[in-house]
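Q: Sharing a structure with you now.
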Amino acid sequence: MLIASCTLITLQLGACVVVAQDLYETSKSISTLNNLLELDIQQDRVKQGGSHSRNLLRVKRGLDMVKVLFEHILEKDENSPRDPATVAYAKVFAAHHGWAVRKTCSCCKNVCPLSKAQLLKKLNKHEASVMTYMQTYIRSSGPVIMYVEELYNSRQNGDRLVRTGASWC
């Protein structure tokens, strides 16, 4: 199961690169996120895998996952990053994943560092600088996440655009 978990993590990181590259290339021809979403709505591509609007949702969820993770770490002062990671996944991604992906993700928590000290050692950072970075990320990412969410929710049936069903992201 550990091999499957590590493989899933590797695949997801690779997919993040593809998503980011797509949005970067798209930004050369579509000047605003609003225009990007409108174009995909007009072409009935919003729920299509690999569409620009779907990729934007995936980026938004990734940002939100990290934000919730950092919030939980700062709020709970726990020694292990496993619980914060589990809570963040459940809050942001679980509703959008099928059973197999949820099960694999639950196994992935076993590859998380066991303690905060181990995590900081892997990051090669001191706790104070990491905590400052987390606070800055939370403050900075919140408005971006809310803006993208509002782009979708401001559309007729926007809540249906955001719910993409059982997919991995």
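Every chain in the structure tokens takes a letter, A first, then B, and so on in the order presented; its residues are numbered from 1, and the ligands are numbered from 1 following the presented order.
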Find the residues around segment 73-88 of chain A up to 12 Å (only C-alpha atoms counted), leave out those fewer than 6 positions away in its own chain, and share them as a ChimeraX atom specification.

A: /A:61-67,94-95,102-103,105-120,127-128,130-138

Q: Pick the closest to Gln21 of chain A from A:Thr104, A:Leu69, A:Gly50, A:Leu33: which is it, counting only C-alpha atoms?

A: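 Result for the nearest residue to Gln21 of chain A: A:Gly50.
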
Q: Tell me, in Å to one decimal, how far atom CA of Tyr152 of chain A is from atom CA of Leu37 of chain A.

A: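 Between atom CA of Tyr152 of chain A and atom CA of Leu37 of chain A the gap is 7.9 Å.
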